[in-house]
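Have a look at structure-v2.pdb below; it lists PDB, C-alpha atoms.
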```
MODEL        1
ATOM      1  CA  MET A   1     -10.133 106.987  25.859
ATOM      2  CA  LYS A   2     -11.579 109.151  23.122
ATOM      3  CA  ASN A   3     -10.855 109.399  19.390
ATOM      4  CA  LEU A   4     -10.237 112.702  17.656
ATOM      5  CA  THR A   5     -12.094 113.053  14.328
ATOM      6  CA  LYS A   6     -11.198 115.760  11.803
ATOM      7  CA  GLN A   7     -13.897 117.015   9.432
ATOM      8  CA  ASP A   8     -13.620 119.398   6.574
ATOM      9  CA  SER A   9     -16.114 122.259   6.952
ATOM     10  CA  GLY A  10     -15.993 123.313   3.300
ATOM     11  CA  SER A  11     -16.745 119.769   1.998
ATOM     12  CA  THR A  12     -19.863 119.383   4.281
ATOM     13  CA  PHE A  13     -21.691 122.546   3.116
ATOM     14  CA  GLU A  14     -20.727 123.151  -0.511
ATOM     15  CA  SER A  15     -20.943 120.772  -3.468
ATOM     16  CA  GLY A  16     -18.315 122.402  -5.671
ATOM     17  CA  THR A  17     -15.197 122.008  -3.548
ATOM     18  CA  GLU A  18     -13.447 119.901  -6.191
ATOM     19  CA  SER A  19     -12.139 123.058  -7.954
ATOM     20  CA  HIS A  20     -10.070 124.258  -4.995
ATOM     21  CA  THR A  21      -6.405 123.603  -4.901
ATOM     22  CA  ASP A  22      -4.544 121.524  -2.390
ATOM     23  CA  SER A  23      -2.908 124.527  -0.818
ATOM     24  CA  GLU A  24      -6.225 126.157  -0.116
ATOM     25  CA  GLN A  25      -7.543 122.968   1.513
ATOM     26  CA  LEU A  26      -4.526 122.799   3.755
ATOM     27  CA  ASP A  27      -4.958 126.435   4.882
ATOM     28  CA  ALA A  28      -8.706 126.050   5.529
ATOM     29  CA  PRO A  29      -9.858 126.107   9.152
ATOM     30  CA  ARG A  30     -10.461 122.685  10.795
ATOM     31  CA  ILE A  31     -12.927 121.477  13.459
ATOM     32  CA  ALA A  32     -12.289 118.585  15.961
ATOM     33  CA  GLN A  33     -15.254 116.472  17.378
ATOM     34  CA  TRP A  34     -15.204 113.901  20.241
ATOM     35  CA  ILE A  35     -17.319 110.664  19.762
ATOM     36  CA  ASP A  36     -17.835 107.829  22.337
ATOM     37  CA  GLU A  37     -16.871 104.264  21.604
ATOM     38  CA  GLU A  38     -20.447 103.054  22.415
ATOM     39  CA  ASP A  39     -21.848 105.339  19.702
ATOM     40  CA  LEU A  40     -19.334 103.987  17.214
ATOM     41  CA  GLU A  41     -20.164 100.341  18.145
ATOM     42  CA  ARG A  42     -23.920 101.052  17.956
ATOM     43  CA  ALA A  43     -23.539 102.659  14.550
ATOM     44  CA  SER A  44     -21.425  99.769  13.233
ATOM     45  CA  SER A  45     -23.882  97.148  14.632
ATOM     46  CA  ASP A  46     -26.821  98.963  13.022
ATOM     47  CA  THR A  47     -25.026  98.959   9.706
ATOM     48  CA  GLN A  48     -24.191  95.244   9.993
ATOM     49  CA  SER A  49     -27.778  94.331  10.964
ATOM     50  CA  GLU A  50     -29.128  96.260   7.976
ATOM     51  CA  GLU A  51     -26.727  94.405   5.692
ATOM     52  CA  GLU A  52     -27.652  91.019   7.233
ATOM     53  CA  ASP A  53     -31.361  91.783   6.914
ATOM     54  CA  SER A  54     -30.983  92.652   3.275
ATOM     55  CA  ALA A  55     -28.885  89.493   2.645
ATOM     56  CA  PHE A  56     -31.389  87.311   4.558
ATOM     57  CA  ALA A  57     -34.304  88.791   2.607
ATOM     58  CA  THR A  58     -32.467  88.060  -0.638
ATOM     59  CA  ILE A  59     -31.739  84.432   0.430
ATOM     60  CA  LYS A  60     -35.320  83.924   1.574
ATOM     61  CA  ARG A  61     -36.601  85.205  -1.760
ATOM     62  CA  ASP A  62     -34.267  82.843  -3.606
ATOM     63  CA  ILE A  63     -35.255  79.857  -1.415
ATOM     64  CA  SER A  64     -38.971  80.463  -1.994
ATOM     65  CA  LYS A  65     -38.356  80.176  -5.734
ATOM     66  CA  LEU A  66     -36.582  76.790  -5.406
ATOM     67  CA  PRO A  67     -38.598  73.530  -5.890
ATOM     68  CA  LEU A  68     -39.498  71.312  -2.956
ATOM     69  CA  GLU A  69     -37.221  68.449  -4.047
ATOM     70  CA  THR A  70     -34.160  70.697  -4.009
ATOM     71  CA  LEU A  71     -35.056  71.992  -0.545
ATOM     72  CA  VAL A  72     -35.439  68.426   0.794
ATOM     73  CA  LYS A  73     -32.042  67.413  -0.582
ATOM     74  CA  ALA A  74     -30.407  70.507   0.923
ATOM     75  CA  HIS A  75     -32.075  69.827   4.246
ATOM     76  CA  LYS A  76     -30.759  66.221   4.281
ATOM     77  CA  ALA A  77     -27.247  67.395   3.379
ATOM     78  CA  ILE A  78     -27.311  69.947   6.222
ATOM     79  CA  LYS A  79     -28.468  67.256   8.698
ATOM     80  CA  THR A  80     -25.731  64.869   7.615
ATOM     81  CA  THR A  81     -23.062  67.572   7.940
ATOM     82  CA  ALA A  82     -24.319  68.584  11.381
ATOM     83  CA  ARG A  83     -24.319  64.930  12.574
ATOM     84  CA  ASP A  84     -20.776  64.250  11.403
ATOM     85  CA  SER A  85     -19.333  67.421  12.850
ATOM     86  CA  ASP A  86     -18.373  67.614  16.503
ATOM     87  CA  ASP A  87     -19.774  71.097  16.880
ATOM     88  CA  GLU A  88     -23.010  71.053  18.878
ATOM     89  CA  SER A  89     -23.910  74.656  18.221
ATOM     90  CA  GLU A  90     -27.473  75.758  17.595
ATOM     91  CA  PRO A  91     -28.782  75.680  14.001
ATOM     92  CA  SER A  92     -28.493  78.853  12.010
ATOM     93  CA  ASP A  93     -31.379  81.002  10.882
ATOM     94  CA  LEU A  94     -31.003  79.714   7.313
ATOM     95  CA  GLU A  95     -31.352  76.071   8.393
ATOM     96  CA  SER A  96     -34.350  76.827  10.589
ATOM     97  CA  GLU A  97     -35.989  78.667   7.730
ATOM     98  CA  VAL A  98     -35.368  75.760   5.354
ATOM     99  CA  GLU A  99     -36.790  73.307   7.930
ATOM    100  CA  HIS A 100     -39.817  75.472   8.531
ATOM    101  CA  HIS A 101     -40.447  75.831   4.818
ATOM    102  CA  ASP A 102     -40.003  72.070   4.341
ATOM    103  CA  GLU A 103     -42.406  71.233   7.166
ATOM    104  CA  GLN A 104     -45.018  73.606   5.798
ATOM    105  CA  ASP A 105     -44.847  72.102   2.309
ATOM    106  CA  ALA A 106     -44.833  68.508   3.632
ATOM    107  CA  GLY A 107     -47.715  69.243   5.984
ATOM    108  CA  ALA A 108     -49.752  70.698   3.157
ATOM    109  CA  ASN A 109     -49.365  67.472   1.099
ATOM    110  CA  LEU A 110     -49.857  64.865   3.880
ATOM    111  CA  PRO A 111     -53.340  64.114   5.292
ATOM    112  CA  THR A 112     -54.049  65.124   8.845
ATOM    113  CA  ARG A 113     -53.903  62.303  11.417
ATOM    114  CA  LYS A 114     -56.061  62.111  14.492
ATOM    115  CA  GLU A 115     -54.366  62.108  17.836
ATOM    116  CA  ARG A 116     -54.527  58.776  19.601
ATOM    117  CA  ARG A 117     -56.178  58.653  22.959
ATOM    118  CA  PRO A 118     -53.859  57.286  25.665
ATOM    119  CA  ILE A 119     -54.635  53.701  26.711
ATOM    120  CA  GLN A 120     -55.967  53.396  30.212
ATOM    121  CA  HIS A 121     -54.516  50.335  31.934
ATOM    122  CA  ARG A 122     -56.286  48.481  34.707
ATOM    123  CA  SER A 123     -55.068  48.760  38.257
ATOM    124  CA  SER A 124     -54.872  44.948  38.495
ATOM    125  CA  LYS A 125     -55.801  41.918  36.415
ATOM    126  CA  HIS A 126     -58.839  41.315  38.639
ATOM    127  CA  ALA A 127     -60.290  44.769  37.952
ATOM    128  CA  PRO A 128     -63.162  45.042  35.432
ATOM    129  CA  MET A 129     -62.040  45.543  31.841
ATOM    130  CA  GLU A 130     -63.375  48.331  29.658
ATOM    131  CA  VAL A 131     -65.017  47.082  26.468
ATOM    132  CA  THR A 132     -64.748  49.088  23.292
ATOM    133  CA  SER A 133     -67.891  50.795  22.038
ATOM    134  CA  LYS A 134     -66.976  50.240  18.367
ATOM    135  CA  LYS A 135     -67.840  46.539  18.518
ATOM    136  CA  PRO A 136     -71.602  45.881  18.394
ATOM    137  CA  VAL A 137     -73.061  44.208  21.443
ATOM    138  CA  PRO A 138     -74.877  40.906  20.656
ATOM    139  CA  ARG A 139     -78.518  40.608  21.515
ATOM    140  CA  ARG A 140     -77.970  37.482  23.556
ATOM    141  CA  ARG A 141     -75.227  37.850  26.113
ATOM    142  CA  GLN A 142     -74.401  36.011  29.302
ATOM    143  CA  VAL A 143     -74.835  38.422  32.177
ATOM    144  CA  VAL A 144     -74.288  35.872  34.957
ATOM    145  CA  GLU A 145     -71.817  33.049  34.422
ATOM    146  CA  VAL A 146     -73.427  29.673  35.011
ATOM    147  CA  HIS A 147     -71.235  26.609  35.410
ATOM    148  CA  PRO A 148     -72.315  23.675  33.209
ATOM    149  CA  ILE A 149     -73.773  20.629  34.870
ATOM    150  CA  ARG A 150     -71.378  17.706  34.536
ATOM    151  CA  PRO A 151     -72.675  14.156  35.008
ATOM    152  CA  ARG A 152     -71.071  12.217  37.829
ATOM    153  CA  ASP A 153     -70.679   8.449  37.867
ATOM    154  CA  PRO A 154     -71.209   7.241  41.454
ATOM    155  CA  ARG A 155     -69.174   4.093  40.777
ATOM    156  CA  PHE A 156     -65.952   6.083  40.417
ATOM    157  CA  SER A 157     -66.653   8.912  42.846
ATOM    158  CA  ASP A 158     -65.275   9.199  46.366
ATOM    159  CA  VAL A 159     -68.504  10.853  47.497
ATOM    160  CA  SER A 160     -70.369   7.546  47.164
ATOM    161  CA  GLY A 161     -67.904   5.740  49.445
ATOM    162  CA  SER A 162     -65.854   2.583  48.896
ATOM    163  CA  LEU A 163     -66.989  -0.392  46.811
ATOM    164  CA  SER A 164     -68.505  -3.323  48.664
ATOM    165  CA  ILE A 165     -68.973  -6.359  46.400
ATOM    166  CA  ASP A 166     -71.454  -8.067  48.727
ATOM    167  CA  ARG A 167     -73.615  -4.954  48.982
ATOM    168  CA  PHE A 168     -73.440  -4.407  45.239
ATOM    169  CA  ARG A 169     -74.518  -7.999  44.606
ATOM    170  CA  SER A 170     -77.392  -7.726  47.072
ATOM    171  CA  ASN A 171     -78.593  -4.484  45.466
ATOM    172  CA  TYR A 172     -78.537  -5.951  41.945
ATOM    173  CA  ASP A 173     -79.550  -9.546  42.697
ATOM    174  CA  PHE A 174     -82.621  -9.154  40.455
ATOM    175  CA  LEU A 175     -80.496  -9.036  37.272
ATOM    176  CA  PRO A 176     -79.857 -12.813  36.890
ATOM    177  CA  SER A 177     -83.587 -13.615  37.024
ATOM    178  CA  LEU A 178     -84.274 -10.759  34.603
ATOM    179  CA  HIS A 179     -81.692 -12.096  32.143
ATOM    180  CA  THR A 180     -83.148 -15.621  32.399
ATOM    181  CA  THR A 181     -86.641 -14.303  31.629
ATOM    182  CA  GLU A 182     -85.322 -12.338  28.696
ATOM    183  CA  LEU A 183     -83.588 -15.441  27.302
ATOM    184  CA  SER A 184     -86.778 -17.490  27.449
ATOM    185  CA  THR A 185     -88.732 -14.704  25.726
ATOM    186  CA  LEU A 186     -86.149 -14.470  22.942
ATOM    187  CA  LYS A 187     -86.232 -18.227  22.374
ATOM    188  CA  GLN A 188     -90.018 -18.135  21.984
ATOM    189  CA  SER A 189     -89.780 -15.235  19.540
ATOM    190  CA  LEU A 190     -87.102 -17.088  17.534
ATOM    191  CA  ALA A 191     -89.255 -20.225  17.292
ATOM    192  CA  ARG A 192     -92.227 -18.153  16.093
ATOM    193  CA  ALA A 193     -90.072 -16.320  13.507
ATOM    194  CA  ARG A 194     -88.741 -19.637  12.132
ATOM    195  CA  LYS A 195     -92.294 -20.960  11.668
ATOM    196  CA  LEU A 196     -93.250 -17.773   9.805
ATOM    197  CA  LEU A 197     -90.153 -18.074   7.626
ATOM    198  CA  ILE A 198     -91.148 -21.536   6.432
ATOM    199  CA  SER A 199     -94.557 -20.398   5.155
ATOM    200  CA  SER A 200     -93.593 -16.842   4.108
ATOM    201  CA  PRO A 201     -94.285 -15.548   0.574
ATOM    202  CA  ARG A 202     -91.487 -14.600  -1.761
ATOM    203  CA  ASP A 203     -91.794 -10.828  -1.250
ATOM    204  CA  LEU A 204     -91.493 -11.145   2.573
ATOM    205  CA  ARG A 205     -88.898 -13.908   2.702
ATOM    206  CA  GLN A 206     -85.800 -11.638   2.810
ATOM    207  CA  GLU A 207     -87.251  -9.459   5.568
ATOM    208  CA  ARG A 208     -88.150 -12.498   7.725
ATOM    209  CA  GLU A 209     -84.733 -14.034   7.180
ATOM    210  CA  GLU A 210     -83.137 -10.870   8.514
ATOM    211  CA  GLU A 211     -85.497 -10.999  11.511
ATOM    212  CA  VAL A 212     -84.518 -14.617  12.246
ATOM    213  CA  HIS A 213     -80.812 -13.726  12.005
ATOM    214  CA  ARG A 214     -81.280 -10.805  14.388
ATOM    215  CA  LEU A 215     -83.105 -12.968  16.939
ATOM    216  CA  GLU A 216     -80.441 -15.695  16.732
ATOM    217  CA  GLN A 217     -77.719 -13.151  17.563
ATOM    218  CA  ALA A 218     -79.794 -11.822  20.460
ATOM    219  CA  VAL A 219     -80.318 -15.340  21.826
ATOM    220  CA  LYS A 220     -76.576 -16.025  21.688
ATOM    221  CA  ARG A 221     -75.813 -12.834  23.593
ATOM    222  CA  ALA A 222     -78.437 -13.613  26.235
ATOM    223  CA  GLU A 223     -77.175 -17.206  26.644
ATOM    224  CA  SER A 224     -73.580 -15.985  27.146
ATOM    225  CA  ILE A 225     -74.744 -13.507  29.817
ATOM    226  CA  VAL A 226     -76.763 -16.136  31.667
ATOM    227  CA  ASN A 227     -73.952 -18.714  31.497
ATOM    228  CA  ARG A 228     -71.406 -16.196  32.768
ATOM    229  CA  GLU A 229     -73.621 -15.262  35.707
ATOM    230  CA  ARG A 230     -74.136 -18.926  36.625
ATOM    231  CA  ARG A 231     -70.394 -19.634  36.377
ATOM    232  CA  GLU A 232     -69.463 -16.621  38.500
ATOM    233  CA  GLU A 233     -72.085 -17.524  41.098
ATOM    234  CA  ALA A 234     -70.748 -21.107  41.358
ATOM    235  CA  GLU A 235     -67.158 -19.886  41.696
ATOM    236  CA  ARG A 236     -68.147 -17.324  44.323
ATOM    237  CA  GLN A 237     -69.992 -19.891  46.398
ATOM    238  CA  ALA A 238     -67.018 -22.296  46.274
ATOM    239  CA  LEU A 239     -64.573 -19.598  47.404
ATOM    240  CA  SER A 240     -66.872 -18.307  50.121
ATOM    241  CA  LYS A 241     -67.252 -21.866  51.450
ATOM    242  CA  LEU A 242     -63.467 -22.209  51.709
ATOM    243  CA  HIS A 243     -63.178 -18.814  53.437
ATOM    244  CA  LYS A 244     -65.786 -19.853  56.024
ATOM    245  CA  GLU A 245     -63.968 -23.103  56.715
ATOM    246  CA  GLU A 246     -60.645 -21.280  57.100
ATOM    247  CA  LYS A 247     -62.247 -18.761  59.461
ATOM    248  CA  GLU A 248     -63.619 -21.532  61.663
ATOM    249  CA  LYS A 249     -60.184 -23.190  61.787
ATOM    250  CA  ARG A 250     -58.587 -19.893  62.881
ATOM    251  CA  ILE A 251     -61.121 -19.582  65.700
ATOM    252  CA  SER A 252     -60.218 -23.076  66.894
ATOM    253  CA  GLY A 253     -56.498 -22.123  67.037
ATOM    254  CA  LYS A 254     -55.032 -22.481  63.545
ATOM    255  CA  LYS A 255     -52.562 -19.869  62.314
ATOM    256  CA  ALA A 256     -53.333 -17.429  59.503
ATOM    257  CA  TRP A 257     -53.154 -18.842  56.011
ATOM    258  CA  TRP A 258     -53.885 -17.267  52.621
ATOM    259  CA  MET A 259     -54.707 -19.207  49.495
ATOM    260  CA  LYS A 260     -52.477 -18.835  46.450
ATOM    261  CA  ASP A 261     -53.743 -17.715  43.052
ATOM    262  CA  ALA A 262     -53.068 -21.133  41.525
ATOM    263  CA  ASP A 263     -55.148 -22.804  44.263
ATOM    264  CA  LYS A 264     -57.971 -20.314  43.714
ATOM    265  CA  LYS A 265     -57.914 -21.077  39.988
ATOM    266  CA  ALA A 266     -58.154 -24.810  40.631
ATOM    267  CA  VAL A 267     -61.116 -24.266  42.982
ATOM    268  CA  ARG A 268     -62.873 -22.189  40.327
ATOM    269  CA  VAL A 269     -62.374 -24.830  37.616
ATOM    270  CA  ARG A 270     -63.683 -27.590  39.917
ATOM    271  CA  ALA A 271     -66.737 -25.513  40.830
ATOM    272  CA  ARG A 272     -67.404 -24.774  37.157
ATOM    273  CA  MET A 273     -67.310 -28.445  36.213
ATOM    274  CA  ASP A 274     -69.578 -29.351  39.118
ATOM    275  CA  ALA A 275     -72.129 -26.804  37.903
ATOM    276  CA  ILE A 276     -71.997 -28.222  34.352
ATOM    277  CA  ALA A 277     -72.383 -31.788  35.690
ATOM    278  CA  ALA A 278     -75.418 -30.703  37.766
ATOM    279  CA  THR A 279     -77.217 -29.370  34.670
ATOM    280  CA  GLY A 280     -75.985 -31.662  31.838
ATOM    281  CA  GLY A 281     -74.342 -34.659  33.444
ATOM    282  CA  LYS A 282     -70.965 -36.236  32.792
ATOM    283  CA  ARG A 283     -71.388 -36.044  29.036
ATOM    284  CA  ALA A 284     -71.644 -32.263  29.214
ATOM    285  CA  VAL A 285     -68.498 -32.132  31.341
ATOM    286  CA  LYS A 286     -66.656 -34.262  28.789
ATOM    287  CA  LYS A 287     -67.749 -31.966  25.947
ATOM    288  CA  ALA A 288     -66.604 -28.884  27.880
ATOM    289  CA  ILE A 289     -63.202 -30.417  28.560
ATOM    290  CA  GLU A 290     -62.724 -31.424  24.890
ATOM    291  CA  LYS A 291     -63.740 -27.956  23.728
ATOM    292  CA  LYS A 292     -61.244 -26.366  26.077
ATOM    293  CA  GLN A 293     -58.494 -28.713  24.895
ATOM    294  CA  ARG A 294     -59.185 -27.919  21.232
ATOM    295  CA  LYS A 295     -59.016 -24.215  21.962
ATOM    296  CA  VAL A 296     -55.686 -24.540  23.772
ATOM    297  CA  GLY A 297     -54.306 -26.789  20.990
ATOM    298  CA  GLN A 298     -55.220 -24.273  18.292
ATOM    299  CA  LYS A 299     -53.472 -21.511  20.199
ATOM    300  CA  GLU A 300     -50.325 -23.620  20.687
ATOM    301  CA  LYS A 301     -50.303 -24.701  17.043
ATOM    302  CA  LYS A 302     -50.325 -21.093  15.853
ATOM    303  CA  SER A 303     -47.353 -20.262  18.063
ATOM    304  CA  ARG A 304     -45.179 -23.177  16.809
ATOM    305  CA  PRO A 305     -42.168 -22.469  14.547
ATOM    306  CA  PHE A 306     -41.911 -23.962  11.027
ATOM    307  CA  GLY A 307     -39.786 -27.093  10.479
ATOM    308  CA  PRO A 308     -36.673 -27.565   8.283
ATOM    309  CA  LYS A 309     -38.794 -29.080   5.459
ATOM    310  CA  ALA A 310     -40.488 -25.737   4.996
ATOM    311  CA  ALA A 311     -37.512 -24.181   3.143
ATOM    312  CA  GLY A 312     -39.177 -24.337  -0.282
ATOM    313  CA  ALA A 313     -42.712 -24.689   0.967
ATOM    314  CA  GLY A 314     -43.755 -21.150   0.193
ATOM    315  CA  LYS A 315     -43.456 -21.614  -3.577
ATOM    316  CA  ARG A 316     -46.452 -22.168  -5.820
ATOM    317  CA  SER A 317     -46.770 -25.334  -7.935
ATOM    318  CA  ARG A 318     -48.706 -25.528 -11.162
ATOM    319  CA  SER A 319     -51.134 -28.441 -11.262
ATOM    320  CA  GLU A 320     -51.249 -30.530 -14.426
ATOM    321  CA  GLY A 321     -54.133 -30.199 -16.843
ATOM    322  CA  ASP A 322     -56.135 -27.170 -15.602
ATOM    323  CA  GLY A 323     -53.156 -24.798 -15.288
ATOM    324  CA  ASN A 324     -54.322 -23.298 -11.949
ATOM    325  CA  GLU A 325     -51.858 -22.300  -9.228
ATOM    326  CA  ARG A 326     -52.159 -23.667  -5.731
ATOM    327  CA  ALA A 327     -50.044 -22.855  -2.669
ATOM    328  CA  VAL A 328     -48.147 -25.620  -0.881
ATOM    329  CA  LYS A 329     -48.851 -25.534   2.849
ATOM    330  CA  ARG A 330     -45.869 -25.275   5.149
ATOM    331  CA  PRO A 331     -45.734 -28.091   7.685
ATOM    332  CA  ARG A 332     -45.399 -27.283  11.339
ATOM    333  CA  VAL A 333     -43.163 -29.109  13.783
TER     334      VAL A 333
ENDMDL
END
```

Encoded form (structure tokens):
Amino acid sequence: MKNLTKQDSGSTFESGTESHTDSEQLDAPRIAQWIDEEDLERASSDTQSEEEDSAFATIKRDISKLPLETLVKAHKAIKTTARDSDDESEPSDLESEVEHHDEQDAGANLPTRKERRPIQHRSSKHAPMEVTSKKPVPRRRQVVEVHPIRPRDPRFSDVSGSLSIDRFRSNYDFLPSLHTTELSTLKQSLARARKLLISSPRDLRQEREEEVHRLEQAVKRAESIVNRERREEAERQALSKLHKEEKEKRISGKKAWWMKDADKKAVRVRARMDAIAATGGKRAVKKAIEKKQRKVGQKEKKSRPFGPKAAGAGKRSRSEGDGNERAVKRPRV
């Protein structure tokens, strides 16, 4: 379909047509021209694009004159409006221009940051790890890992085998004689130090007293070691004698029998007293028994409860004359 366009020939060529009358214009010859719709659309689109370009240039000029703070606020308002709206259309040219201008100004003010290198992960935890080159390498470094040497006590190790008391005693049977020799040497040194202490001058007296005290403590320790070894040896011999007798009885046809702990304790006490009687006689045995009884009595006395008379026994009474305070002992039951 085509549109018919009428054009006045006199108005296109002459500039003074305003003086003609209406009747003359009506009688003037007319010309008709056919124009395609595509040409009309192209002409209208060109006109609209020119108008948009001029408007965009004007807006761009105005935006370039605005301060950065105003542009940032406008950009935030546009983002908020676009987020709230349900329309997911593409941003307009004005918004893109504002964003571009904002990014340029912000990029000019901020310092440039270096791009981070991507971290390279190991293929497995057993793979070798890359060490950073920024950390200085120490001069002394362990190239080959060496396991520390740990001391091993053969007494508590399974590698050495099980404990045999008889073999242990046979391997260390020289210790009792060594301890006896040491005790005799210490006693001689103590006797010599006591003689020197009697005739020592004043400036050396304190030093020699300390030496005598040190030797006395050493003699006591050595005597306790020697006495313990003798007591253990006597007890061991008594028990081994009983075991041999029981073994012979089993061979002859007696049934198995095991000694109780109370019976073993009684055998040990009897063997201990026999050893004391062999060295010191009956008087030494009597002294040992009395000493043991005193020790047991002291322990029992400490464990006793206090009697009913001890209600006000904890109070302090003031003695007459000197005015000193003394505590009243609480009687035991």

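Atom to atom, CA of Leu196 (chain A) and CA of Glu211 (chain A) stand 10.4 Å apart.
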
Checklist entry - Quick one: which residues end up in the PyMOL selection byres ((chain A and resi 225) around 12) for this structure, as a PyMOL selection string? => result chain A and resi 175-180+182-183+218-224+226-232

Test item: axis-aligned box, all listed atoms of region 117-123 of chain A, 8 Å on each side, centre and edges in Å rounded to one decimal, as JSON:
```
{"center_x": -55.1, "center_y": 53.6, "center_z": 30.6, "size_x": 18.4, "size_y": 26.2, "size_z": 31.3}
```

Next on the checklist: Report, in Å to a single decimal, how far apart CA of Thr81 (chain A) and CA of Ile59 (chain A) are.
Outcome noted: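 Distance between the two atoms: 20.4 Å.
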
Can you pull out every residue within 8 Å of Val285 (chain A), counting only C-alpha atoms, but drop anything in the same chain fewer than 5 positions away, and send it as a compact mmCIF listing (two decimals) with C-alpha atoms, in the frame of the given file?
```
# COMPACT_ATOMS: atom_id res chain seq x y z
CA MET A 273 -67.31 -28.44 36.21
CA ILE A 276 -72.00 -28.22 34.35
CA ALA A 277 -72.38 -31.79 35.69
CA GLY A 280 -75.98 -31.66 31.84
```

Checklist outcome for this item: From CA of Arg268 (chain A) to CA of Ile165 (chain A) the spacing works out at 18.0 Å

Next on the checklist: Ranking A:Arg117, A:Arg169, A:Lys255, A:Arg214 by minimum distance to Leu186 (chain A) and counting all atoms listed in the file, which one comes first?
Outcome noted: A:Arg214

Next on the checklist: Please determine, counting all atoms listed in the file, which residue among A:Asp261, A:Glu130, A:Glu209, A:Asp274 has the shortest atom-to-atom distance to Ala234 (chain A).
Outcome noted: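 Going through A:Asp261, A:Glu130, A:Glu209, A:Asp274 one by one, the smallest distance to Ala234 (chain A) is for A:Asp274.
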